[in-house]
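Structure file structure20.cif (mmCIF, C-alpha atoms) is printed below.
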data_data
loop_
_atom_site.label_atom_id
_atom_site.label_comp_id
_atom_site.auth_asym_id
_atom_site.auth_seq_id
_atom_site.Cartn_x
_atom_site.Cartn_y
_atom_site.Cartn_z
CA MET A 470 123.46 32.93 111.39
CA VAL A 471 124.42 36.45 111.84
CA ALA A 472 121.72 39.03 111.13
CA LEU A 473 123.02 41.88 109.15
CA THR A 474 121.36 45.27 109.68
CA VAL A 475 121.72 47.87 107.05
CA ASN A 476 121.33 51.43 108.20
CA PRO A 477 119.45 53.65 105.74
CA PRO A 478 121.57 56.29 104.12
CA ARG A 479 121.44 59.64 105.78
CA THR A 480 119.85 62.40 103.80
CA ARG A 481 121.82 65.57 103.82
CA ARG A 482 119.90 68.76 104.29
CA PRO A 483 120.55 71.27 101.56
CA SER A 484 122.81 73.92 102.86
CA ALA A 485 121.42 77.41 102.79
CA ARG A 486 123.26 79.27 100.15
CA ASN A 487 122.71 82.58 98.44
CA ASP A 488 122.03 81.85 94.77
CA GLY A 489 121.13 85.45 93.94
CA ASN A 490 117.34 85.09 94.19
CA PHE A 491 117.24 86.77 97.58
CA GLY A 492 118.83 89.89 96.17
CA LEU A 493 116.43 89.93 93.25
CA GLY A 494 113.44 89.51 95.53
CA LYS A 495 114.61 92.32 97.76
CA ARG A 496 115.15 94.56 94.77
CA SER A 497 111.67 93.70 93.47
CA ARG A 498 110.11 94.61 96.80
CA LEU A 499 111.99 97.91 96.81
CA LEU A 500 110.74 98.67 93.30
CA ASP A 501 107.17 97.82 94.33
CA ALA A 502 107.44 100.07 97.37
CA GLY A 503 108.84 102.88 95.24
CA GLY A 504 105.98 102.44 92.78
CA TYR A 505 103.40 102.65 95.56
CA VAL A 506 105.02 105.76 97.00
CA THR A 507 105.04 107.41 93.58
CA LEU A 508 101.40 106.45 93.04
CA ILE A 509 100.36 107.86 96.42
CA PHE A 510 102.25 111.08 95.71
CA ALA A 511 100.57 111.43 92.30
CA VAL A 512 97.12 110.83 93.81
CA LEU A 513 97.77 113.49 96.45
CA VAL A 514 98.96 116.01 93.87
CA MET A 515 95.77 115.47 91.84
CA SER A 516 93.26 115.15 94.67
CA VAL A 517 94.38 117.85 97.12
CA PRO A 518 93.33 120.75 94.82
CA LEU A 519 89.92 119.13 94.33
CA ILE A 520 89.46 118.65 98.07
CA TRP A 521 90.49 122.26 98.67
CA MET A 522 88.03 123.42 95.99
CA VAL A 523 85.13 121.61 97.70
CA PHE A 524 86.01 123.00 101.14
CA ALA A 525 86.57 126.51 99.72
CA SER A 526 83.11 126.48 98.14
CA PHE A 527 81.61 126.57 101.67
CA LYS A 528 83.92 129.26 103.05
CA GLN A 529 83.41 132.96 103.52
CA PRO A 530 86.03 135.43 102.20
CA ASN A 531 87.61 135.95 105.63
CA GLU A 532 88.12 132.19 105.97
CA LEU A 533 89.81 131.91 102.58
CA TYR A 534 92.42 134.51 103.45
CA SER A 535 93.00 133.38 107.03
CA VAL A 536 96.55 132.76 108.28
CA PRO A 537 97.45 130.06 109.19
CA LEU A 538 95.68 128.04 106.50
CA GLN A 539 92.24 126.81 107.51
CA TRP A 540 91.16 123.66 105.68
CA LEU A 541 87.67 123.08 107.04
CA PRO A 542 85.02 125.83 106.84
CA GLU A 543 83.38 127.03 110.01
CA SER A 544 79.96 125.98 108.71
CA PHE A 545 78.63 124.12 105.66
CA ASP A 546 75.73 126.51 105.01
CA GLY A 547 75.76 126.54 101.18
CA ALA A 548 75.43 130.33 100.88
CA ASN A 549 77.90 130.40 98.01
CA TYR A 550 75.83 127.89 96.04
CA ALA A 551 72.70 129.94 96.63
CA HIS A 552 74.54 133.02 95.34
CA VAL A 553 75.51 131.13 92.18
CA ALA A 554 71.90 130.09 91.60
CA GLN A 555 70.71 133.68 92.06
CA THR A 556 73.37 135.25 89.84
CA LEU A 557 73.44 132.82 86.91
CA PRO A 558 70.68 131.09 84.92
CA ILE A 559 72.17 127.86 86.20
CA GLY A 560 69.31 125.67 84.96
CA ARG A 561 69.58 126.97 81.40
CA LEU A 562 73.37 126.65 81.39
CA PHE A 563 73.12 123.10 82.70
CA LEU A 564 70.60 122.08 80.02
CA ASN A 565 72.78 123.62 77.30
CA SER A 566 75.82 121.73 78.55
CA VAL A 567 73.95 118.43 78.80
CA MET A 568 72.43 118.78 75.33
CA LEU A 569 75.67 119.78 73.61
CA THR A 570 77.67 117.14 75.47
CA VAL A 571 75.29 114.25 74.77
CA VAL A 572 74.72 115.15 71.12
CA GLY A 573 78.38 115.96 70.44
CA ALA A 574 79.77 112.86 72.15
CA GLY A 575 77.12 110.62 70.58
CA LEU A 576 77.87 111.89 67.07
CA LYS A 577 81.59 111.46 67.66
CA VAL A 578 81.08 107.83 68.65
CA ILE A 579 78.82 107.12 65.66
CA LEU A 580 81.18 108.77 63.17
CA GLY A 581 84.17 107.00 64.72
CA LEU A 582 82.42 103.63 64.51
CA THR A 583 81.40 104.02 60.88
CA CYS A 584 84.76 105.41 59.78
CA ALA A 585 86.72 102.65 61.55
CA TYR A 586 84.40 99.98 60.14
CA ALA A 587 85.08 101.25 56.63
CA LEU A 588 88.84 101.29 57.24
CA VAL A 589 88.83 97.67 58.44
CA PHE A 590 86.03 95.76 56.70
CA ILE A 591 85.47 97.59 53.39
CA GLU A 592 87.94 97.47 50.54
CA PHE A 593 88.41 100.73 48.65
CA PRO A 594 91.35 102.44 46.94
CA TYR A 595 93.94 104.31 49.03
CA LYS A 596 92.58 102.94 52.31
CA LYS A 597 95.98 103.00 54.01
CA ILE A 598 96.57 106.57 52.85
CA MET A 599 93.22 107.60 54.35
CA PHE A 600 94.12 106.02 57.67
CA THR A 601 97.51 107.77 57.61
CA ILE A 602 95.74 111.11 57.11
CA VAL A 603 93.51 110.32 60.11
CA LEU A 604 96.61 109.66 62.22
CA PHE A 605 98.25 112.88 61.07
CA THR A 606 95.26 114.88 62.31
CA LEU A 607 96.13 113.73 65.83
CA LEU A 608 99.37 115.73 65.51
CA VAL A 609 97.61 118.99 64.63
CA PRO A 610 96.91 121.19 67.69
CA GLN A 611 93.34 122.39 68.04
CA GLN A 612 94.48 126.00 68.25
CA ILE A 613 95.74 125.92 64.65
CA THR A 614 92.26 125.16 63.29
CA ILE A 615 90.46 127.84 65.30
CA ILE A 616 90.88 130.70 62.79
CA PRO A 617 89.78 128.77 59.66
CA ASN A 618 86.90 127.15 61.56
CA TYR A 619 85.74 130.50 62.91
CA THR A 620 85.90 132.04 59.43
CA LEU A 621 83.86 129.18 57.97
CA VAL A 622 81.27 129.24 60.76
CA SER A 623 80.93 133.01 60.44
CA GLN A 624 80.41 132.81 56.67
CA LEU A 625 77.76 130.12 57.14
CA GLY A 626 75.90 132.33 59.63
CA TRP A 627 76.33 129.83 62.44
CA LEU A 628 77.52 132.22 65.14
CA ASN A 629 75.37 131.98 68.29
CA THR A 630 73.95 128.64 67.12
CA TYR A 631 74.25 125.12 68.45
CA GLN A 632 75.48 123.76 65.13
CA GLY A 633 78.24 126.35 65.19
CA ILE A 634 79.49 124.78 68.43
CA LEU A 635 79.04 121.13 67.43
CA VAL A 636 79.88 120.69 63.76
CA PRO A 637 83.56 121.81 63.66
CA GLY A 638 84.55 119.28 66.34
CA LEU A 639 82.59 116.22 65.26
CA ALA A 640 85.48 114.44 63.54
CA SER A 641 87.29 112.33 66.16
CA ALA A 642 90.62 110.93 64.98
CA PHE A 643 91.20 109.44 68.43
CA GLY A 644 87.93 107.51 68.35
CA THR A 645 88.53 106.32 64.79
CA PHE A 646 92.01 105.07 65.66
CA LEU A 647 90.84 103.29 68.82
CA PHE A 648 87.88 101.64 67.08
CA ARG A 649 90.07 100.51 64.19
CA GLN A 650 92.59 98.86 66.49
CA HIS A 651 89.79 97.07 68.30
CA PHE A 652 88.05 95.95 65.11
CA LEU A 653 91.28 94.33 63.92
CA SER A 654 91.13 92.01 66.95
CA LEU A 655 87.56 90.83 66.33
CA PRO A 656 87.02 87.24 65.10
CA GLY A 657 86.60 87.35 61.34
CA SER A 658 84.57 84.12 61.29
CA VAL A 659 81.57 85.85 62.90
CA LEU A 660 81.41 88.53 60.24
CA GLU A 661 82.01 86.00 57.47
CA ALA A 662 79.06 83.94 58.73
CA ALA A 663 76.91 87.07 58.88
CA SER A 664 77.93 87.92 55.31
CA LEU A 665 77.01 84.43 54.12
CA ASP A 666 73.59 84.87 55.73
CA GLY A 667 73.03 87.95 53.58
CA ALA A 668 73.77 90.65 56.19
CA GLY A 669 74.93 93.93 54.69
CA HIS A 670 77.55 96.24 56.11
CA TRP A 671 75.03 98.28 58.10
CA ARG A 672 73.56 95.19 59.78
CA ARG A 673 77.00 93.68 60.42
CA LEU A 674 78.09 96.89 62.11
CA TRP A 675 75.13 97.31 64.46
CA ALA A 676 74.15 93.66 65.03
CA PHE A 677 77.60 92.06 65.36
CA VAL A 678 80.46 94.57 65.63
CA VAL A 679 78.87 96.98 68.10
CA PRO A 680 77.81 94.29 70.66
CA MET A 681 81.40 92.97 70.66
CA SER A 682 82.82 96.48 71.16
CA TYR A 683 81.04 97.77 74.27
CA PRO A 684 84.24 98.36 76.34
CA THR A 685 85.85 100.36 73.54
CA ILE A 686 82.65 102.30 72.92
CA SER A 687 82.47 103.14 76.62
CA ALA A 688 86.07 104.37 76.61
CA VAL A 689 85.59 106.59 73.55
CA LEU A 690 82.26 107.81 74.91
CA LEU A 691 83.79 108.77 78.26
CA VAL A 692 86.69 110.65 76.64
CA SER A 693 84.28 112.43 74.29
CA LEU A 694 81.90 113.35 77.12
CA VAL A 695 84.69 114.89 79.17
CA ALA A 696 86.06 116.80 76.16
CA GLU A 697 82.64 118.17 75.18
CA TRP A 698 81.67 119.07 78.74
CA ASN A 699 84.93 120.90 79.49
CA ASP A 700 85.21 122.65 76.12
CA TYR A 701 85.62 126.35 76.77
CA LEU A 702 87.64 128.13 74.07
CA TRP A 703 85.56 127.31 70.99
CA PRO A 704 82.12 128.03 72.57
CA PHE A 705 83.60 131.22 74.02
CA LEU A 706 84.49 132.40 70.50
CA VAL A 707 81.21 131.59 68.74
CA ILE A 708 78.69 132.31 71.53
CA ASP A 709 78.00 135.66 73.16
CA ASN A 710 74.34 135.08 74.06
CA ALA A 711 73.91 134.18 77.73
CA GLU A 712 70.90 131.96 76.94
CA MET A 713 73.05 129.64 74.80
CA MET A 714 76.16 129.47 76.98
CA THR A 715 77.38 126.34 78.73
CA LEU A 716 78.44 125.88 82.34
CA PRO A 717 82.18 126.59 81.72
CA LEU A 718 81.18 129.87 80.07
CA GLY A 719 78.95 130.56 83.04
CA LEU A 720 82.09 130.80 85.18
CA THR A 721 83.17 133.73 83.00
CA LEU A 722 79.80 135.40 83.51
CA LEU A 723 80.10 134.91 87.25
CA GLN A 724 83.62 136.31 87.25
CA ASN A 725 82.45 139.40 85.34
CA VAL A 726 79.65 139.96 87.88
CA ASP A 727 81.48 139.26 91.15
CA GLY A 728 85.04 139.93 90.08
CA MET A 729 88.03 137.97 91.30
CA ASN A 730 87.60 138.63 95.01
CA ASN A 731 84.72 136.32 95.91
CA TRP A 732 86.59 133.05 95.48
CA GLY A 733 84.10 131.05 97.52
CA VAL A 734 81.34 131.70 94.97
CA LEU A 735 83.68 130.84 92.09
CA MET A 736 84.68 127.60 93.79
CA ALA A 737 81.02 126.72 94.31
CA ALA A 738 80.34 127.24 90.59
CA THR A 739 83.42 125.17 89.72
CA VAL A 740 82.16 122.30 91.88
CA LEU A 741 78.86 122.39 89.99
CA VAL A 742 80.74 122.20 86.69
CA THR A 743 83.00 119.35 87.83
CA LEU A 744 80.52 117.14 89.70
CA PRO A 745 78.55 115.71 86.71
CA MET A 746 81.70 114.45 84.98
CA LEU A 747 82.88 112.81 88.20
CA VAL A 748 79.61 110.89 88.38
CA VAL A 749 79.93 109.83 84.72
CA PHE A 750 83.50 108.68 85.32
CA LEU A 751 82.48 106.60 88.34
CA VAL A 752 79.82 104.89 86.21
CA LEU A 753 82.09 104.14 83.23
CA GLN A 754 85.47 103.65 84.93
CA ARG A 755 85.26 99.83 84.94
CA ARG A 756 85.10 99.74 81.14
CA LEU A 757 87.61 102.52 80.53
CA VAL A 758 90.84 100.53 80.90
CA ALA A 759 89.43 97.52 79.02
CA GLY A 760 88.37 99.77 76.17
CA LEU A 761 91.67 101.64 75.94
CA THR A 762 93.69 98.40 75.88
CA ALA A 763 91.43 96.46 73.50
CA GLY A 764 93.32 95.60 70.35
CA ALA A 765 96.59 97.01 71.68
CA VAL A 766 98.57 93.97 70.50
CA THR A 767 97.07 93.94 67.04
CA GLY A 768 98.86 96.14 64.52
#

Written as structure tokens, that's how I'd like the structure from this file.
Amino acid sequence: MVALTVNPPRTRRPSARNDGNFGLGKRSRLLDAGGYVTLIFAVLVMSVPLIWMVFASFKQPNELYSVPLQWLPESFDGANYAHVAQTLPIGRLFLNSVMLTVVGAGLKVILGLTCAYALVFIEFPYKKIMFTIVLFTLLVPQQITIIPNYTLVSQLGWLNTYQGILVPGLASAFGTFLFRQHFLSLPGSVLEAASLDGAGHWRRLWAFVVPMSYPTISAVLLVSLVAEWNDYLWPFLVIDNAEMMTLPLGLTLLQNVDGMNNWGVLMAATVLVTLPMLVVFLVLQRRLVAGLTAGAVTG
């Protein structure tokens, strides 16, 4: 007998060929690199002035005008900050800013929550028209409403009062819109079960809707805090009493006292105005993006 041996078939290695994926991958990497470069450039454009402001707050006038440019101060002695504390009632200005910011931002969040809840979960005539009016207010610049608001506040006798600063800006169309979009994405079964258990609208809002909306509340709260803290034009118009001014208005007082030559002192005061909001942003930044994107897919 003759033994037959069968050789196994040879497997051919796939030939390397360019099917177009290599070019797409290379293009994708180039786009990613371009995006990172753009991001780095944007961060530098935004951060360099802040870094310069902090360094300038420790410099003396001769260092600020030195040529070539001197980034680091010769000494971090804090004399400019001491001058700010001696010239301005910094404690009173800080308390005024904190009080107006906390109360104003808190009322904006509460009014935005209640208004958005009504637009989503309560049936009433012309609801869509009301929401359209809320959206249209986002298109109106703040400067247009200054004259009628000032006339109304003056007739009410609210000049040089805290309510004169707070009340005209309490309505927040941005917060109402953001809360409404988020509420549309909430599970309706939870609220239906709460309604069957006898919960009214007020209990449903605070016991069920609010706990499910913490990221959005944090986002609206952060935006409102920054807007209230940095508000300058409206308080400048209705307040001329130094005891009721806020920190941004304190910069104007400092400028009137020291003029425009002592930039180190002005930079020190600006750092004091900016620092609290940076701390608040660092605390709430993790919830900001989640809150701004919540309900973005729901129409």

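The protein and nucleic acid residues lying at most 12 Å from Thr606 of chain A are Met599, Phe600, Ile613, Thr614, Ala640, Ser641, Ala642, Phe643, Thr645 and Phe646 of chain A, with only C-alpha atoms considered and sequence neighbours fewer than 6 positions away removed.
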
Dump of C-alpha atoms for the selected residues, as a short mmCIF file (atom, residue, chain, number, x, y, z; two decimals), keeping the file's coordinate frame:
data_model
loop_
_atom_site.label_atom_id
_atom_site.label_comp_id
_atom_site.auth_asym_id
_atom_site.auth_seq_id
_atom_site.Cartn_x
_atom_site.Cartn_y
_atom_site.Cartn_z
CA MET A 599 93.22 107.60 54.35
CA PHE A 600 94.12 106.02 57.67
CA ILE A 613 95.74 125.92 64.65
CA THR A 614 92.26 125.16 63.29
CA ALA A 640 85.48 114.44 63.54
CA SER A 641 87.29 112.33 66.16
CA ALA A 642 90.62 110.93 64.98
CA PHE A 643 91.20 109.44 68.43
CA THR A 645 88.53 106.32 64.79
CA PHE A 646 92.01 105.07 65.66
#

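In this model, the gap between atom CA of Pro684 of chain A and atom CA of Arg755 of chain A comes to 8.8 Å.
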
Taking the file as shown, find all residues satisfying the PyMOL selection byres ((chain A and resi 568-584) around 7) and write them as a short mmCIF file (atom, residue, chain, number, x, y, z; two decimals) with C-alpha atoms, in the coordinates of the input.
data_model
loop_
_atom_site.label_atom_id
_atom_site.label_comp_id
_atom_site.auth_asym_id
_atom_site.auth_seq_id
_atom_site.Cartn_x
_atom_site.Cartn_y
_atom_site.Cartn_z
CA LEU A 564 70.60 122.08 80.02
CA ASN A 565 72.78 123.62 77.30
CA SER A 566 75.82 121.73 78.55
CA VAL A 567 73.95 118.43 78.80
CA ALA A 585 86.72 102.65 61.55
CA TYR A 586 84.40 99.98 60.14
CA ALA A 587 85.08 101.25 56.63
CA LEU A 588 88.84 101.29 57.24
CA LEU A 635 79.04 121.13 67.43
CA LEU A 639 82.59 116.22 65.26
CA ALA A 640 85.48 114.44 63.54
CA SER A 641 87.29 112.33 66.16
CA GLY A 644 87.93 107.51 68.35
CA THR A 645 88.53 106.32 64.79
CA PHE A 648 87.88 101.64 67.08
CA VAL A 689 85.59 106.59 73.55
CA LEU A 690 82.26 107.81 74.91
CA SER A 693 84.28 112.43 74.29
CA LEU A 694 81.90 113.35 77.12
CA GLU A 697 82.64 118.17 75.18
CA TRP A 698 81.67 119.07 78.74
#

How would you write, as a ChimeraX atom specification, the residues chosen by the PyMOL selection byres ((chain A and resi 634) around 10) on this structure? /A:569,573,622,627-633,635-639,697,700,703-708

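What the PyMOL selection byres ((chain A and resi 548) around 12) matches in the given file is A:Ala525, A:Ser526, A:Phe527, A:Lys528, A:Gln529, A:Pro530, A:Ser544, A:Phe545, A:Asp546, A:Gly547, A:Asn549, A:Tyr550, A:Ala551, A:His552, A:Val553, A:Ala554, A:Gln555, A:Gly733, A:Val734, A:Met736, A:Ala737, A:Ala738.
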
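In this structure, atom CA of Val748 of chain A sits 22.7 Å away from atom CA of Ser682 of chain A.
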
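Taking atom CA of Gly626 of chain A as the reference point, atom CA of Asn725 of chain A is found at 27.5 Å.
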
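Shortest atom-to-atom contact with Leu519 of chain A among A:Val752, A:Gly719, A:Leu747, A:Thr507: A:Leu747, counting all atoms listed in the file.
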
Given 6 Å on each side, where is the centre and what are the edge lengths in Å to one decimal of the axis-aligned box enclosing the listed atoms of segment 701-719 of chain A, as lines of an AutoDock Vina configuration file?
center_x = 79.3
center_y = 130.8
center_z = 75.9
size_x = 28.7
size_y = 21.8
size_z = 26.3

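You can rank A:Val589, A:Val692, A:Tyr683, A:Leu513 by their closest distance to Leu660 of chain A using all atoms listed in the file, and at the top of that list sits A:Val589.
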
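Remark: for Ser687 of chain A, the closest of the candidate residues A:Val749, A:Leu500, A:Val506, A:Ala662 is A:Val749 (distances computed over all atoms listed in the file).
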
Final N, CA and C atoms of segment 662-696 of chain A as a PDB file, in the frame of the given file:
ATOM      1  N   ALA A 662      80.340  84.653  58.623  1.00  0.00           N
ATOM      2  CA  ALA A 662      79.060  83.940  58.730  1.00  0.00           C
ATOM      3  C   ALA A 662      77.886  84.881  58.515  1.00  0.00           C
ATOM      4  N   ALA A 663      77.979  86.090  59.080  1.00  0.00           N
ATOM      5  CA  ALA A 663      76.910  87.070  58.880  1.00  0.00           C
ATOM      6  C   ALA A 663      76.802  87.467  57.412  1.00  0.00           C
ATOM      7  N   SER A 664      77.946  87.581  56.733  1.00  0.00           N
ATOM      8  CA  SER A 664      77.930  87.920  55.310  1.00  0.00           C
ATOM      9  C   SER A 664      77.308  86.804  54.481  1.00  0.00           C
ATOM     10  N   LEU A 665      77.612  85.553  54.831  1.00  0.00           N
ATOM     11  CA  LEU A 665      77.010  84.430  54.120  1.00  0.00           C
ATOM     12  C   LEU A 665      75.504  84.361  54.319  1.00  0.00           C
ATOM     13  N   ASP A 666      75.031  84.841  55.464  1.00  0.00           N
ATOM     14  CA  ASP A 666      73.590  84.870  55.730  1.00  0.00           C
ATOM     15  C   ASP A 666      72.889  86.031  55.041  1.00  0.00           C
ATOM     16  N   GLY A 667      73.634  86.845  54.330  1.00  0.00           N
ATOM     17  CA  GLY A 667      73.030  87.950  53.580  1.00  0.00           C
ATOM     18  C   GLY A 667      73.015  89.273  54.320  1.00  0.00           C
ATOM     19  N   ALA A 668      73.737  89.393  55.441  1.00  0.00           N
ATOM     20  CA  ALA A 668      73.770  90.650  56.190  1.00  0.00           C
ATOM     21  C   ALA A 668      74.658  91.656  55.471  1.00  0.00           C
ATOM     22  N   GLY A 669      74.149  92.868  55.291  1.00  0.00           N
ATOM     23  CA  GLY A 669      74.930  93.930  54.690  1.00  0.00           C
ATOM     24  C   GLY A 669      75.853  94.583  55.696  1.00  0.00           C
ATOM     25  N   HIS A 670      76.590  95.579  55.227  1.00  0.00           N
ATOM     26  CA  HIS A 670      77.550  96.240  56.110  1.00  0.00           C
ATOM     27  C   HIS A 670      76.852  96.930  57.283  1.00  0.00           C
ATOM     28  N   TRP A 671      75.716  97.564  57.024  1.00  0.00           N
ATOM     29  CA  TRP A 671      75.030  98.280  58.100  1.00  0.00           C
ATOM     30  C   TRP A 671      74.564  97.324  59.187  1.00  0.00           C
ATOM     31  N   ARG A 672      74.009  96.166  58.789  1.00  0.00           N
ATOM     32  CA  ARG A 672      73.560  95.190  59.780  1.00  0.00           C
ATOM     33  C   ARG A 672      74.742  94.550  60.496  1.00  0.00           C
ATOM     34  N   ARG A 673      75.823  94.267  59.773  1.00  0.00           N
ATOM     35  CA  ARG A 673      77.000  93.680  60.420  1.00  0.00           C
ATOM     36  C   ARG A 673      77.578  94.624  61.462  1.00  0.00           C
ATOM     37  N   LEU A 674      77.542  95.914  61.156  1.00  0.00           N
ATOM     38  CA  LEU A 674      78.090  96.890  62.110  1.00  0.00           C
ATOM     39  C   LEU A 674      77.278  96.921  63.387  1.00  0.00           C
ATOM     40  N   TRP A 675      75.955  97.089  63.283  1.00  0.00           N
ATOM     41  CA  TRP A 675      75.130  97.310  64.460  1.00  0.00           C
ATOM     42  C   TRP A 675      74.687  96.028  65.146  1.00  0.00           C
ATOM     43  N   ALA A 676      74.625  94.910  64.422  1.00  0.00           N
ATOM     44  CA  ALA A 676      74.150  93.660  65.030  1.00  0.00           C
ATOM     45  C   ALA A 676      75.288  92.773  65.513  1.00  0.00           C
ATOM     46  N   PHE A 677      76.503  92.951  64.989  1.00  0.00           N
ATOM     47  CA  PHE A 677      77.600  92.060  65.360  1.00  0.00           C
ATOM     48  C   PHE A 677      78.813  92.824  65.908  1.00  0.00           C
ATOM     49  N   VAL A 678      79.243  93.870  65.209  1.00  0.00           N
ATOM     50  CA  VAL A 678      80.460  94.570  65.630  1.00  0.00           C
ATOM     51  C   VAL A 678      80.224  95.381  66.891  1.00  0.00           C
ATOM     52  N   VAL A 679      79.139  96.124  66.926  1.00  0.00           N
ATOM     53  CA  VAL A 679      78.870  96.980  68.100  1.00  0.00           C
ATOM     54  C   VAL A 679      78.692  96.165  69.381  1.00  0.00           C
ATOM     55  N   PRO A 680      77.914  95.062  69.404  1.00  0.00           N
ATOM     56  CA  PRO A 680      77.810  94.290  70.660  1.00  0.00           C
ATOM     57  C   PRO A 680      79.143  93.729  71.144  1.00  0.00           C
ATOM     58  N   MET A 681      80.095  93.481  70.242  1.00  0.00           N
ATOM     59  CA  MET A 681      81.400  92.970  70.660  1.00  0.00           C
ATOM     60  C   MET A 681      82.369  94.098  71.023  1.00  0.00           C
ATOM     61  N   SER A 682      81.915  95.338  70.975  1.00  0.00           N
ATOM     62  CA  SER A 682      82.820  96.480  71.160  1.00  0.00           C
ATOM     63  C   SER A 682      82.373  97.398  72.286  1.00  0.00           C
ATOM     64  N   TYR A 683      81.558  96.911  73.214  1.00  0.00           N
ATOM     65  CA  TYR A 683      81.040  97.770  74.270  1.00  0.00           C
ATOM     66  C   TYR A 683      82.138  98.407  75.141  1.00  0.00           C
ATOM     67  N   PRO A 684      83.191  97.682  75.543  1.00  0.00           N
ATOM     68  CA  PRO A 684      84.240  98.360  76.340  1.00  0.00           C
ATOM     69  C   PRO A 684      84.915  99.502  75.590  1.00  0.00           C
ATOM     70  N   THR A 685      85.218  99.293  74.316  1.00  0.00           N
ATOM     71  CA  THR A 685      85.850 100.360  73.540  1.00  0.00           C
ATOM     72  C   THR A 685      84.898 101.521  73.325  1.00  0.00           C
ATOM     73  N   ILE A 686      83.634 101.227  73.071  1.00  0.00           N
ATOM     74  CA  ILE A 686      82.650 102.300  72.920  1.00  0.00           C
ATOM     75  C   ILE A 686      82.532 103.106  74.200  1.00  0.00           C
ATOM     76  N   SER A 687      82.546 102.429  75.347  1.00  0.00           N
ATOM     77  CA  SER A 687      82.470 103.140  76.620  1.00  0.00           C
ATOM     78  C   SER A 687      83.675 104.040  76.829  1.00  0.00           C
ATOM     79  N   ALA A 688      84.861 103.561  76.450  1.00  0.00           N
ATOM     80  CA  ALA A 688      86.070 104.370  76.610  1.00  0.00           C
ATOM     81  C   ALA A 688      86.018 105.610  75.730  1.00  0.00           C
ATOM     82  N   VAL A 689      85.677 105.434  74.454  1.00  0.00           N
ATOM     83  CA  VAL A 689      85.590 106.590  73.550  1.00  0.00           C
ATOM     84  C   VAL A 689      84.476 107.530  73.995  1.00  0.00           C
ATOM     85  N   LEU A 690      83.363 106.976  74.457  1.00  0.00           N
ATOM     86  CA  LEU A 690      82.260 107.810  74.910  1.00  0.00           C
ATOM     87  C   LEU A 690      82.663 108.637  76.124  1.00  0.00           C
ATOM     88  N   LEU A 691      83.375 108.036  77.065  1.00  0.00           N
ATOM     89  CA  LEU A 691      83.790 108.770  78.260  1.00  0.00           C
ATOM     90  C   LEU A 691      84.757 109.894  77.898  1.00  0.00           C
ATOM     91  N   VAL A 692      85.741 109.604  77.051  1.00  0.00           N
ATOM     92  CA  VAL A 692      86.690 110.650  76.640  1.00  0.00           C
ATOM     93  C   VAL A 692      85.973 111.766  75.899  1.00  0.00           C
ATOM     94  N   SER A 693      85.018 111.413  75.049  1.00  0.00           N
ATOM     95  CA  SER A 693      84.280 112.430  74.290  1.00  0.00           C
ATOM     96  C   SER A 693      83.380 113.256  75.211  1.00  0.00           C
ATOM     97  N   LEU A 694      82.745 112.613  76.181  1.00  0.00           N
ATOM     98  CA  LEU A 694      81.900 113.350  77.120  1.00  0.00           C
ATOM     99  C   LEU A 694      82.697 114.372  77.907  1.00  0.00           C
ATOM    100  N   VAL A 695      83.858 113.964  78.395  1.00  0.00           N
ATOM    101  CA  VAL A 695      84.690 114.890  79.170  1.00  0.00           C
ATOM    102  C   VAL A 695      85.166 116.048  78.290  1.00  0.00           C
ATOM    103  N   ALA A 696      85.583 115.747  77.057  1.00  0.00           N
ATOM    104  CA  ALA A 696      86.060 116.800  76.160  1.00  0.00           C
ATOM    105  C   ALA A 696      84.952 117.783  75.814  1.00  0.00           C
TER     106      ALA A 696
END
